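Chemist: Just structure_10.pdb, nothing more (PDB, C-alpha atoms, pLDDT in the B column):
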ATOM      1  CA  MET S   1      89.959 -50.993  62.453  1.00 42.00           C
ATOM      2  CA  ARG S   2      86.249 -51.495  61.723  1.00 45.00           C
ATOM      3  CA  ILE S   3      84.425 -48.967  59.586  1.00 49.00           C
ATOM      4  CA  GLY S   4      81.219 -49.219  61.627  1.00 46.00           C
ATOM      5  CA  HIS S   5      77.915 -47.577  60.746  1.00 54.00           C
ATOM      6  CA  VAL S   6      78.306 -46.128  57.253  1.00 58.00           C
ATOM      7  CA  LEU S   7      76.208 -43.118  56.301  1.00 57.00           C
ATOM      8  CA  SER S   8      77.428 -42.581  52.734  1.00 61.00           C
ATOM      9  CA  SER S   9      80.430 -43.256  50.535  1.00 64.00           C
ATOM     10  CA  LEU S  10      82.225 -41.848  47.513  1.00 65.00           C
ATOM     11  CA  VAL S  11      84.649 -43.527  45.164  1.00 66.00           C
ATOM     12  CA  VAL S  12      87.206 -41.215  43.565  1.00 64.00           C
ATOM     13  CA  ALA S  13      88.995 -42.194  40.352  1.00 58.00           C
ATOM     14  CA  ARG S  14      91.213 -39.717  38.558  1.00 56.00           C
ATOM     15  CA  SER S  15      94.013 -39.971  35.984  1.00 52.00           C
ATOM     16  CA  THR S  16      97.031 -37.698  36.453  1.00 56.00           C
ATOM     17  CA  GLU S  17     100.419 -37.318  34.809  1.00 56.00           C
ATOM     18  CA  GLY S  18     101.909 -39.321  37.643  1.00 55.00           C
ATOM     19  CA  GLY S  19      99.434 -42.167  37.253  1.00 56.00           C
ATOM     20  CA  PRO S  20      95.935 -43.044  38.434  1.00 60.00           C
ATOM     21  CA  ILE S  21      94.659 -41.703  41.743  1.00 65.00           C
ATOM     22  CA  GLN S  22      91.999 -43.683  43.594  1.00 75.00           C
ATOM     23  CA  ALA S  23      90.447 -43.375  47.026  1.00 80.00           C
ATOM     24  CA  LEU S  24      87.442 -44.630  48.939  1.00 84.00           C
ATOM     25  CA  VAL S  25      85.862 -41.862  51.035  1.00 85.00           C
ATOM     26  CA  ILE S  26      83.442 -42.883  53.782  1.00 84.00           C
ATOM     27  CA  ALA S  27      81.259 -40.724  56.023  1.00 85.00           C
ATOM     28  CA  SER S  28      80.064 -42.586  59.107  1.00 84.00           C
ATOM     29  CA  LEU S  29      77.276 -41.957  61.604  1.00 86.00           C
ATOM     30  CA  ASP S  30      79.700 -40.725  64.242  1.00 88.00           C
ATOM     31  CA  GLY S  31      80.485 -37.755  61.953  1.00 89.00           C
ATOM     32  CA  ALA S  32      83.925 -38.899  60.810  1.00 88.00           C
ATOM     33  CA  ILE S  33      85.163 -38.752  57.207  1.00 87.00           C
ATOM     34  CA  THR S  34      87.827 -41.337  56.393  1.00 87.00           C
ATOM     35  CA  MET S  35      89.823 -41.972  53.212  1.00 86.00           C
ATOM     36  CA  TYR S  36      90.876 -45.539  52.438  1.00 87.00           C
ATOM     37  CA  ASP S  37      93.094 -47.135  49.817  1.00 87.00           C
ATOM     38  CA  PRO S  38      90.467 -49.063  47.801  1.00 86.00           C
ATOM     39  CA  TRP S  39      92.906 -51.905  46.986  1.00 88.00           C
ATOM     40  CA  THR S  40      94.293 -52.573  50.465  1.00 90.00           C
ATOM     41  CA  GLY S  41      91.609 -51.154  52.745  1.00 89.00           C
ATOM     42  CA  GLU S  42      94.269 -49.247  54.691  1.00 90.00           C
ATOM     43  CA  PRO S  43      93.112 -45.894  56.128  1.00 88.00           C
ATOM     44  CA  MET S  44      94.879 -42.879  54.583  1.00 85.00           C
ATOM     45  CA  ASP S  45      93.541 -40.000  56.697  1.00 85.00           C
ATOM     46  CA  TRP S  46      90.435 -39.020  58.613  1.00 86.00           C
ATOM     47  CA  ILE S  47      88.782 -36.037  60.246  1.00 87.00           C
ATOM     48  CA  GLN S  48      85.981 -35.636  62.768  1.00 89.00           C
ATOM     49  CA  THR S  49      83.536 -33.202  61.161  1.00 90.00           C
ATOM     50  CA  GLY S  50      81.593 -32.104  64.219  1.00 87.00           C
ATOM     51  CA  GLY S  51      79.889 -34.815  66.222  1.00 88.00           C
ATOM     52  CA  PRO S  52      77.295 -37.487  65.405  1.00 91.00           C
ATOM     53  CA  VAL S  53      75.123 -37.150  62.326  1.00 90.00           C
ATOM     54  CA  VAL S  54      71.936 -37.497  64.395  1.00 92.00           C
ATOM     55  CA  SER S  55      71.567 -36.354  68.000  1.00 92.00           C
ATOM     56  CA  THR S  56      68.890 -35.307  70.469  1.00 92.00           C
ATOM     57  CA  SER S  57      68.953 -33.683  73.894  1.00 91.00           C
ATOM     58  CA  ALA S  58      65.746 -35.534  74.852  1.00 83.00           C
ATOM     59  CA  SER S  59      66.630 -39.214  74.962  1.00 69.00           C
ATOM     60  CA  SER S  60      65.568 -39.981  78.530  1.00 60.00           C
ATOM     61  CA  SER S  61      63.219 -42.884  79.239  1.00 56.00           C
ATOM     62  CA  GLU S  62      62.414 -41.580  82.728  1.00 56.00           C
ATOM     63  CA  PRO S  63      58.713 -40.921  83.471  1.00 53.00           C
ATOM     64  CA  GLY S  64      57.769 -37.283  82.900  1.00 53.00           C
ATOM     65  CA  GLN S  65      60.808 -36.612  80.735  1.00 60.00           C
ATOM     66  CA  ASP S  66      60.646 -35.825  77.015  1.00 71.00           C
ATOM     67  CA  LYS S  67      61.866 -38.511  74.651  1.00 85.00           C
ATOM     68  CA  ILE S  68      62.389 -37.340  71.070  1.00 91.00           C
ATOM     69  CA  VAL S  69      63.588 -39.799  68.413  1.00 90.00           C
ATOM     70  CA  PRO S  70      64.985 -38.364  65.136  1.00 92.00           C
ATOM     71  CA  THR S  71      65.768 -40.479  62.068  1.00 91.00           C
ATOM     72  CA  LEU S  72      68.253 -40.101  59.225  1.00 89.00           C
ATOM     73  CA  ASP S  73      65.564 -38.993  56.778  1.00 91.00           C
ATOM     74  CA  GLY S  74      64.556 -36.125  59.086  1.00 93.00           C
ATOM     75  CA  SER S  75      61.389 -37.677  60.522  1.00 94.00           C
ATOM     76  CA  LEU S  76      60.684 -36.987  64.187  1.00 94.00           C
ATOM     77  CA  PHE S  77      58.913 -39.110  66.786  1.00 92.00           C
ATOM     78  CA  PHE S  78      57.960 -38.485  70.406  1.00 87.00           C
ATOM     79  CA  GLU S  79      56.919 -40.819  73.208  1.00 83.00           C
ATOM     80  CA  ASP S  80      53.352 -40.292  74.431  1.00 77.00           C
ATOM     81  CA  GLU S  81      51.995 -40.855  77.932  1.00 73.00           C
ATOM     82  CA  ASP S  82      51.513 -44.574  77.231  1.00 77.00           C
ATOM     83  CA  GLY S  83      55.095 -45.029  76.008  1.00 78.00           C
ATOM     84  CA  ARG S  84      54.138 -45.268  72.329  1.00 84.00           C
ATOM     85  CA  LEU S  85      56.203 -43.545  69.651  1.00 87.00           C
ATOM     86  CA  MET S  86      54.115 -41.020  67.739  1.00 88.00           C
ATOM     87  CA  ALA S  87      55.186 -39.126  64.630  1.00 92.00           C
ATOM     88  CA  PHE S  88      55.364 -35.347  64.570  1.00 92.00           C
ATOM     89  CA  PRO S  89      53.384 -33.848  61.635  1.00 92.00           C
ATOM     90  CA  PHE S  90      56.574 -32.254  60.292  1.00 93.00           C
ATOM     91  CA  THR S  91      60.226 -33.120  59.705  1.00 95.00           C
ATOM     92  CA  VAL S  92      63.514 -31.515  60.680  1.00 95.00           C
ATOM     93  CA  LEU S  93      63.875 -30.106  57.161  1.00 94.00           C
ATOM     94  CA  ASP S  94      60.339 -28.663  57.281  1.00 96.00           C
ATOM     95  CA  VAL S  95      61.191 -26.641  60.385  1.00 96.00           C
ATOM     96  CA  THR S  96      64.630 -25.476  59.249  1.00 95.00           C
ATOM     97  CA  SER S  97      63.326 -24.324  55.859  1.00 95.00           C
ATOM     98  CA  SER S  98      60.387 -22.384  57.313  1.00 94.00           C
ATOM     99  CA  PRO S  99      60.748 -18.562  57.576  1.00 93.00           C
ATOM    100  CA  THR S 100      58.660 -18.586  60.786  1.00 93.00           C
ATOM    101  CA  PRO S 101      58.610 -20.892  63.844  1.00 94.00           C
ATOM    102  CA  PHE S 102      56.248 -23.839  64.005  1.00 94.00           C
ATOM    103  CA  HIS S 103      53.626 -23.915  66.780  1.00 92.00           C
ATOM    104  CA  PHE S 104      52.912 -27.390  68.123  1.00 88.00           C
ATOM    105  CA  CYS S 105      50.729 -28.597  71.008  1.00 87.00           C
ATOM    106  CA  GLU S 106      50.829 -32.140  72.319  1.00 76.00           C
ATOM    107  CA  LYS S 107      47.490 -33.931  72.418  1.00 72.00           C
ATOM    108  CA  SER S 108      46.019 -35.156  75.684  1.00 66.00           C
ATOM    109  CA  GLU S 109      42.725 -36.520  76.995  1.00 65.00           C
ATOM    110  CA  GLY S 110      41.637 -33.036  78.044  1.00 63.00           C
ATOM    111  CA  GLY S 111      42.259 -31.476  74.627  1.00 62.00           C
ATOM    112  CA  HIS S 112      45.887 -30.534  74.259  1.00 67.00           C
ATOM    113  CA  GLY S 113      48.957 -30.566  76.434  1.00 70.00           C
ATOM    114  CA  PRO S 114      52.015 -28.309  76.558  1.00 80.00           C
ATOM    115  CA  CYS S 115      52.648 -26.140  73.506  1.00 89.00           C
ATOM    116  CA  SER S 116      56.026 -25.365  71.973  1.00 91.00           C
ATOM    117  CA  LEU S 117      57.536 -23.082  69.382  1.00 94.00           C
ATOM    118  CA  LEU S 118      59.957 -24.884  67.098  1.00 95.00           C
ATOM    119  CA  THR S 119      62.724 -22.859  65.487  1.00 96.00           C
ATOM    120  CA  GLY S 120      65.241 -24.132  62.931  1.00 96.00           C
ATOM    121  CA  GLU S 121      68.684 -23.228  61.700  1.00 95.00           C
ATOM    122  CA  ARG S 122      71.098 -24.565  59.096  1.00 95.00           C
ATOM    123  CA  THR S 123      74.890 -24.378  59.159  1.00 94.00           C
ATOM    124  CA  TRP S 124      77.456 -25.951  56.857  1.00 94.00           C
ATOM    125  CA  ALA S 125      81.133 -26.790  56.544  1.00 94.00           C
ATOM    126  CA  ILE S 126      83.236 -27.840  53.544  1.00 94.00           C
ATOM    127  CA  PHE S 127      86.112 -30.330  53.789  1.00 92.00           C
ATOM    128  CA  ALA S 128      88.810 -30.482  51.103  1.00 90.00           C
ATOM    129  CA  LEU S 129      90.290 -33.958  50.654  1.00 87.00           C
ATOM    130  CA  ASP S 130      93.588 -34.365  48.803  1.00 85.00           C
ATOM    131  CA  VAL S 131      93.243 -37.825  47.272  1.00 78.00           C
ATOM    132  CA  GLU S 132      96.704 -37.607  45.704  1.00 77.00           C
ATOM    133  CA  GLN S 133      98.361 -37.239  49.118  1.00 80.00           C
ATOM    134  CA  GLY S 134      95.689 -39.078  51.095  1.00 80.00           C
ATOM    135  CA  THR S 135      95.229 -36.125  53.456  1.00 85.00           C
ATOM    136  CA  VAL S 136      92.654 -33.570  54.540  1.00 88.00           C
ATOM    137  CA  ARG S 137      93.792 -30.237  53.094  1.00 90.00           C
ATOM    138  CA  TRP S 138      91.517 -27.640  54.679  1.00 91.00           C
ATOM    139  CA  VAL S 139      88.141 -27.009  56.311  1.00 93.00           C
ATOM    140  CA  HIS S 140      85.938 -23.973  55.652  1.00 94.00           C
ATOM    141  CA  SER S 141      83.039 -22.971  57.894  1.00 92.00           C
ATOM    142  CA  GLU S 142      81.258 -19.720  58.706  1.00 83.00           C
ATOM    143  CA  GLY S 143      83.615 -17.561  56.627  1.00 87.00           C
ATOM    144  CA  ASN S 144      86.749 -19.060  58.158  1.00 91.00           C
ATOM    145  CA  THR S 145      89.286 -21.531  56.733  1.00 91.00           C
ATOM    146  CA  VAL S 146      91.471 -23.816  58.819  1.00 89.00           C
ATOM    147  CA  ASP S 147      94.602 -25.107  57.082  1.00 87.00           C
ATOM    148  CA  ILE S 148      94.767 -28.696  58.295  1.00 84.00           C
ATOM    149  CA  GLU S 149      97.947 -29.642  56.429  1.00 73.00           C
ATOM    150  CA  ASN S 150     100.240 -26.797  57.437  1.00 72.00           C
ATOM    151  CA  SER S 151      98.973 -25.338  60.696  1.00 56.00           C
ATOM    152  CA  THR S 152      96.125 -25.251  63.159  1.00 44.00           C
ATOM    153  CA  ARG S 153      95.614 -21.487  62.944  1.00 41.00           C
ATOM    154  CA  SER S 154      92.520 -19.996  61.364  1.00 40.00           C
ATOM    155  CA  ARG S 155      92.514 -17.369  58.663  1.00 40.00           C
ATOM    156  CA  SER S 156      89.902 -15.105  57.151  1.00 40.00           C
ATOM    157  CA  VAL S 157      88.803 -15.757  53.596  1.00 40.00           C
ATOM    158  CA  GLN S 158      89.633 -12.103  52.824  1.00 43.00           C
ATOM    159  CA  HIS S 159      93.334 -12.901  53.365  1.00 43.00           C
ATOM    160  CA  TRP S 160      93.432 -16.203  51.518  1.00 41.00           C
ATOM    161  CA  GLU S 161      96.672 -16.999  49.687  1.00 48.00           C
ATOM    162  CA  ARG S 162      96.408 -19.637  46.992  1.00 46.00           C
ATOM    163  CA  PRO S 163      98.856 -22.492  47.664  1.00 48.00           C
ATOM    164  CA  ALA S 164     101.265 -23.885  45.113  1.00 50.00           C
ATOM    165  CA  GLN S 165      99.537 -25.492  42.136  1.00 52.00           C
ATOM    166  CA  ARG S 166      98.264 -28.974  42.933  1.00 62.00           C
ATOM    167  CA  GLY S 167      95.451 -31.197  41.828  1.00 72.00           C
ATOM    168  CA  GLU S 168      91.978 -30.020  42.750  1.00 77.00           C
ATOM    169  CA  PRO S 169      90.749 -31.515  46.032  1.00 83.00           C
ATOM    170  CA  VAL S 170      87.588 -33.496  46.470  1.00 83.00           C
ATOM    171  CA  LEU S 171      85.125 -31.233  48.286  1.00 86.00           C
ATOM    172  CA  LEU S 172      82.603 -32.649  50.729  1.00 88.00           C
ATOM    173  CA  GLN S 173      79.955 -30.524  52.410  1.00 90.00           C
ATOM    174  CA  ARG S 174      78.291 -31.281  55.721  1.00 92.00           C
ATOM    175  CA  ASP S 175      74.959 -29.527  56.206  1.00 93.00           C
ATOM    176  CA  ARG S 176      73.777 -29.449  59.821  1.00 95.00           C
ATOM    177  CA  PHE S 177      70.103 -28.815  60.586  1.00 96.00           C
ATOM    178  CA  VAL S 178      69.108 -27.979  64.178  1.00 96.00           C
ATOM    179  CA  ILE S 179      65.625 -27.506  65.567  1.00 95.00           C
ATOM    180  CA  ARG S 180      64.863 -26.234  69.075  1.00 95.00           C
ATOM    181  CA  ALA S 181      61.597 -26.640  70.969  1.00 93.00           C
ATOM    182  CA  ILE S 182      60.864 -23.569  73.101  1.00 94.00           C
ATOM    183  CA  ASP S 183      58.226 -23.972  75.808  1.00 92.00           C
ATOM    184  CA  ALA S 184      55.497 -21.491  74.875  1.00 91.00           C
ATOM    185  CA  HIS S 185      54.653 -20.859  78.545  1.00 89.00           C
ATOM    186  CA  SER S 186      58.119 -20.273  80.020  1.00 93.00           C
ATOM    187  CA  GLY S 187      60.292 -19.483  76.974  1.00 93.00           C
ATOM    188  CA  VAL S 188      62.780 -22.159  78.104  1.00 93.00           C
ATOM    189  CA  GLU S 189      64.281 -24.587  75.606  1.00 93.00           C
ATOM    190  CA  ALA S 190      62.671 -27.984  76.179  1.00 91.00           C
ATOM    191  CA  TRP S 191      64.754 -30.037  73.748  1.00 92.00           C
ATOM    192  CA  ASN S 192      66.744 -29.852  70.550  1.00 95.00           C
ATOM    193  CA  VAL S 193      67.565 -32.189  67.679  1.00 95.00           C
ATOM    194  CA  SER S 194      70.335 -32.034  65.084  1.00 95.00           C
ATOM    195  CA  LEU S 195      70.630 -33.841  61.760  1.00 94.00           C
ATOM    196  CA  SER S 196      73.460 -33.706  59.221  1.00 93.00           C
ATOM    197  CA  HIS S 197      73.775 -34.604  55.537  1.00 90.00           C
ATOM    198  CA  PHE S 198      76.974 -35.139  53.526  1.00 88.00           C
ATOM    199  CA  ALA S 199      77.279 -34.418  49.805  1.00 84.00           C
ATOM    200  CA  ALA S 200      79.987 -33.959  47.176  1.00 82.00           C
ATOM    201  CA  VAL S 201      80.368 -30.338  46.070  1.00 81.00           C
ATOM    202  CA  GLY S 202      80.463 -29.115  42.480  1.00 68.00           C
ATOM    203  CA  ARG S 203      82.498 -30.645  39.678  1.00 46.00           C
ATOM    204  CA  THR S 204      85.970 -30.205  41.153  1.00 40.00           C
ATOM    205  CA  ALA S 205      86.611 -33.943  41.224  1.00 41.00           C
ATOM    206  CA  PRO S 206      86.126 -35.910  37.994  1.00 41.00           C
ATOM    207  CA  GLY S 207      85.126 -39.482  38.690  1.00 41.00           C
ATOM    208  CA  VAL S 208      83.384 -38.839  41.994  1.00 40.00           C
ATOM    209  CA  GLN S 209      80.285 -40.962  42.378  1.00 40.00           C
ATOM    210  CA  ALA S 210      77.976 -41.455  45.336  1.00 40.00           C
ATOM    211  CA  GLY S 211      77.947 -45.140  46.196  1.00 42.00           C
ATOM    212  CA  ALA S 212      80.510 -47.808  45.515  1.00 39.00           C
ATOM    213  CA  ARG S 213      80.801 -47.379  41.741  1.00 37.00           C
ATOM    214  CA  GLN S 214      83.207 -45.550  39.474  1.00 38.00           C
ATOM    215  CA  ILE S 215      81.961 -43.344  36.672  1.00 33.00           C
ATOM    216  CA  GLY S 216      83.227 -40.192  35.002  1.00 38.00           C
ATOM    217  CA  ASP S 217      86.945 -40.625  34.460  1.00 48.00           C
ATOM    218  CA  GLN S 218      86.950 -43.688  32.215  1.00 49.00           C
ATOM    219  CA  SER S 219      90.705 -43.371  31.582  1.00 53.00           C
ATOM    220  CA  ALA S 220      91.382 -44.436  35.175  1.00 56.00           C
ATOM    221  CA  PRO S 221      91.669 -48.202  35.773  1.00 64.00           C
ATOM    222  CA  PRO S 222      88.652 -50.023  37.283  1.00 74.00           C
ATOM    223  CA  LEU S 223      88.189 -50.014  41.020  1.00 78.00           C
ATOM    224  CA  PRO S 224      87.620 -53.021  43.279  1.00 84.00           C
ATOM    225  CA  LEU S 225      84.039 -54.207  43.649  1.00 84.00           C
ATOM    226  CA  LEU S 226      82.657 -53.237  47.063  1.00 82.00           C
ATOM    227  CA  ARG S 227      79.935 -54.972  49.040  1.00 82.00           C
ATOM    228  CA  TRP S 228      78.375 -53.648  52.234  1.00 76.00           C
ATOM    229  CA  GLY S 229      77.103 -55.888  55.003  1.00 69.00           C
ATOM    230  CA  ASP S 230      73.640 -55.546  56.497  1.00 65.00           C
ATOM    231  CA  ASP S 231      72.755 -53.947  59.846  1.00 58.00           C
ATOM    232  CA  THR S 232      73.792 -57.060  61.756  1.00 58.00           C
ATOM    233  CA  ASN S 233      77.001 -57.606  59.781  1.00 63.00           C
ATOM    234  CA  GLN S 234      78.529 -54.161  59.364  1.00 68.00           C
ATOM    235  CA  VAL S 235      81.459 -55.267  57.229  1.00 79.00           C
ATOM    236  CA  LEU S 236      82.733 -53.767  53.990  1.00 81.00           C
ATOM    237  CA  GLN S 237      84.290 -56.272  51.573  1.00 87.00           C
ATOM    238  CA  ALA S 238      86.374 -55.523  48.472  1.00 88.00           C
ATOM    239  CA  PHE S 239      86.830 -57.908  45.532  1.00 91.00           C
ATOM    240  CA  HIS S 240      89.144 -57.803  42.508  1.00 91.00           C
ATOM    241  CA  PRO S 241      87.146 -56.484  39.506  1.00 87.00           C
ATOM    242  CA  ASP S 242      88.517 -59.147  37.124  1.00 89.00           C
ATOM    243  CA  THR S 243      89.094 -62.265  39.212  1.00 91.00           C
ATOM    244  CA  GLY S 244      86.583 -61.784  42.035  1.00 90.00           C
ATOM    245  CA  GLU S 245      89.385 -62.435  44.545  1.00 93.00           C
ATOM    246  CA  ASP S 246      88.611 -61.306  48.113  1.00 93.00           C
ATOM    247  CA  LEU S 247      91.016 -58.361  48.653  1.00 93.00           C
ATOM    248  CA  TRP S 248      90.108 -57.141  52.152  1.00 92.00           C
ATOM    249  CA  GLN S 249      87.291 -56.548  54.593  1.00 89.00           C
ATOM    250  CA  ARG S 250      86.697 -54.117  57.435  1.00 83.00           C
TER     251      ARG S 250
END
Represent the supplied structure as structure tokens.

Modeler:
Amino acid sequence: MRIGHVLSSLVVARSTEGGPIQALVIASLDGAITMYDPWTGEPMDWIQTGGPVVSTSASSSEPGQDKIVPTLDGSLFFEDEDGRLMAFPFTVLDVTSSPTPFHFCEKSEGGHGPCSLLTGERTWAIFALDVEQGTVRWVHSEGNTVDIENSTRSRSVQHWERPAQRGEPVLLQRDRFVIRAIDAHSGVEAWNVSLSHFAAVGRTAPGVQAGARQIGDQSAPPLPLLRWGDDTNQVLQAFHPDTGEDLWQR
């Protein structure tokens, strides 16, 4: 099992009465969150969080068709009449944070081309990862919680029943930003783009650190040293922190 295109990673290190708890949590570009044993590289559990991190409805290269190219940092590019990629004067985050729609007209030799209204929206979901059990505990989105461990039914937050006392989960949030281009002449949606960001939530998980390093819970034993490959060699390697021995790679 290859890890593939990695978007971000967290290393969790926590000391408990039953011993140290460690996990490697990886969010990938396809939108999946996977927990791995940092010493063996074996997957513990995973969940698909809602589709690719970056997507566009306008990816056609056919003449006369819109081609919109979003990037991970929120920049936007479009293909002009000569096939060149040109940058929009705004980003995905600019549009989604604006209280009013953006008005944008494409340039042409005669002045300007078609005009669009760009509207933005932001949604989010929180994923609770149980690093002690190596499982996904629950997912919360839009006022609704899905209990992944015990059932597939949904329940309202107003009727939440606290489960038996267990260690606090690691909470990851996925923010999804969507912009839609509405043709100013017809009112029809011309294209849309979505972009997502992952981040650790709050201070519920001592020893959580973005990137492949352990900080916080110094009473937990050291973690393996992790090294990421480049874009052409998308391999994650783990090495013993004391001996440098090659432990695993994916």

Chemist: For Val131 in chain S, find every residue with an atom within 9 Å (counting all atoms listed in the file), except residues of its own chain fewer than 4 positions away, and show them as an MDAnalysis selection string.

Modeler: chainID S and resid 12 21:23 35 135:136 167 169:170

Chemist: To one decimal in Å, tell me the separation between CA of Gly134 in chain S and CA of Thr49 in chain S.

Modeler: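 Those two atoms sit 16.8 Å apart.
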
Chemist: Rank S:Trp248, S:Leu195, S:Ala58, S:Leu129 by their smallest atom-to-atom distance to Thr91 in chain S, using all atoms listed in the file, and report the top residue only.

Modeler: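 Of S:Trp248, S:Leu195, S:Ala58, S:Leu129, the one nearest Thr91 in chain S, counting all atoms listed in the file, is S:Leu195.
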
Chemist: Suppose you want the space between CA of Gly50 in chain S and CA of Ala238 in chain S; what is it in Å?

Modeler: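 We find that CA of Gly50 in chain S and CA of Ala238 in chain S lie 28.6 Å from each other.
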
Chemist: For Thr145 in chain S, which of S:Leu172, S:Phe127, S:Leu72, S:Thr96 is the closest residue, counting only C-alpha atoms?

Modeler: S:Phe127

Chemist: Provide the CA of Leu24 in chain S to CA of Gly51 in chain S distance in Å, to one decimal place.

Modeler: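 Separating CA of Leu24 in chain S from CA of Gly51 in chain S is a distance of 21.3 Å.
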
Chemist: Find, counting only C-alpha atoms, the residue in S:Gly113, S:Thr123, S:Arg174, S:Val69 that gets nearest to Glu81 in chain S.

Modeler: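 Closest candidate: S:Gly113.
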
Chemist: Hey, which of S:Arg250, S:Pro241, S:Asp130, S:Pro70 ends up closest to Ser57 in chain S? Count all atoms listed in the file.

Modeler: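 Answer, going by the shortest atom-to-atom distance: S:Pro70.
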
Chemist: With the PyMOL selection byres ((chain S and resi 249) around 9) as the selection, what would be picked from this file? Answer as a ChimeraX atom specification, please.

Modeler: /S:2,41,235-238,246-248,250

Chemist: Place a sphere of radius 8 Å on (75.0, -28.1, 62.9) in the file coordinates and name every protein, DNA or RNA residue with an atom inside or on its surface, counting only C-alpha atoms; give the answer as a PyMOL selection string.

Modeler: chain S and resi 50+122-124+175-178+194-196

Chemist: Quick one: what's the axis-aligned box for range 165-177 of chain S, all listed atoms, 8 Å on every side, centre and edges in Å to one decimal, as AutoDock Vina command-line options?

Modeler:
--center_x 84.8 --center_y -29.5 --center_z 51.2 --size_x 45.4 --size_y 24.0 --size_z 34.8

Chemist: Which one is closest to Met44 in chain S: S:Ala190, S:Leu223, S:Leu171, S:Val25? Count only C-alpha atoms.

Modeler: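 Result for the nearest residue to Met44 in chain S: S:Val25.
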
Chemist: From the list S:Cys115, S:Leu225, S:Leu29, S:Ile68, which residue is nearest Asp242 in chain S when using only C-alpha atoms?

Modeler: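 Of the candidates, the smallest distance to Asp242 in chain S is held by S:Leu225.
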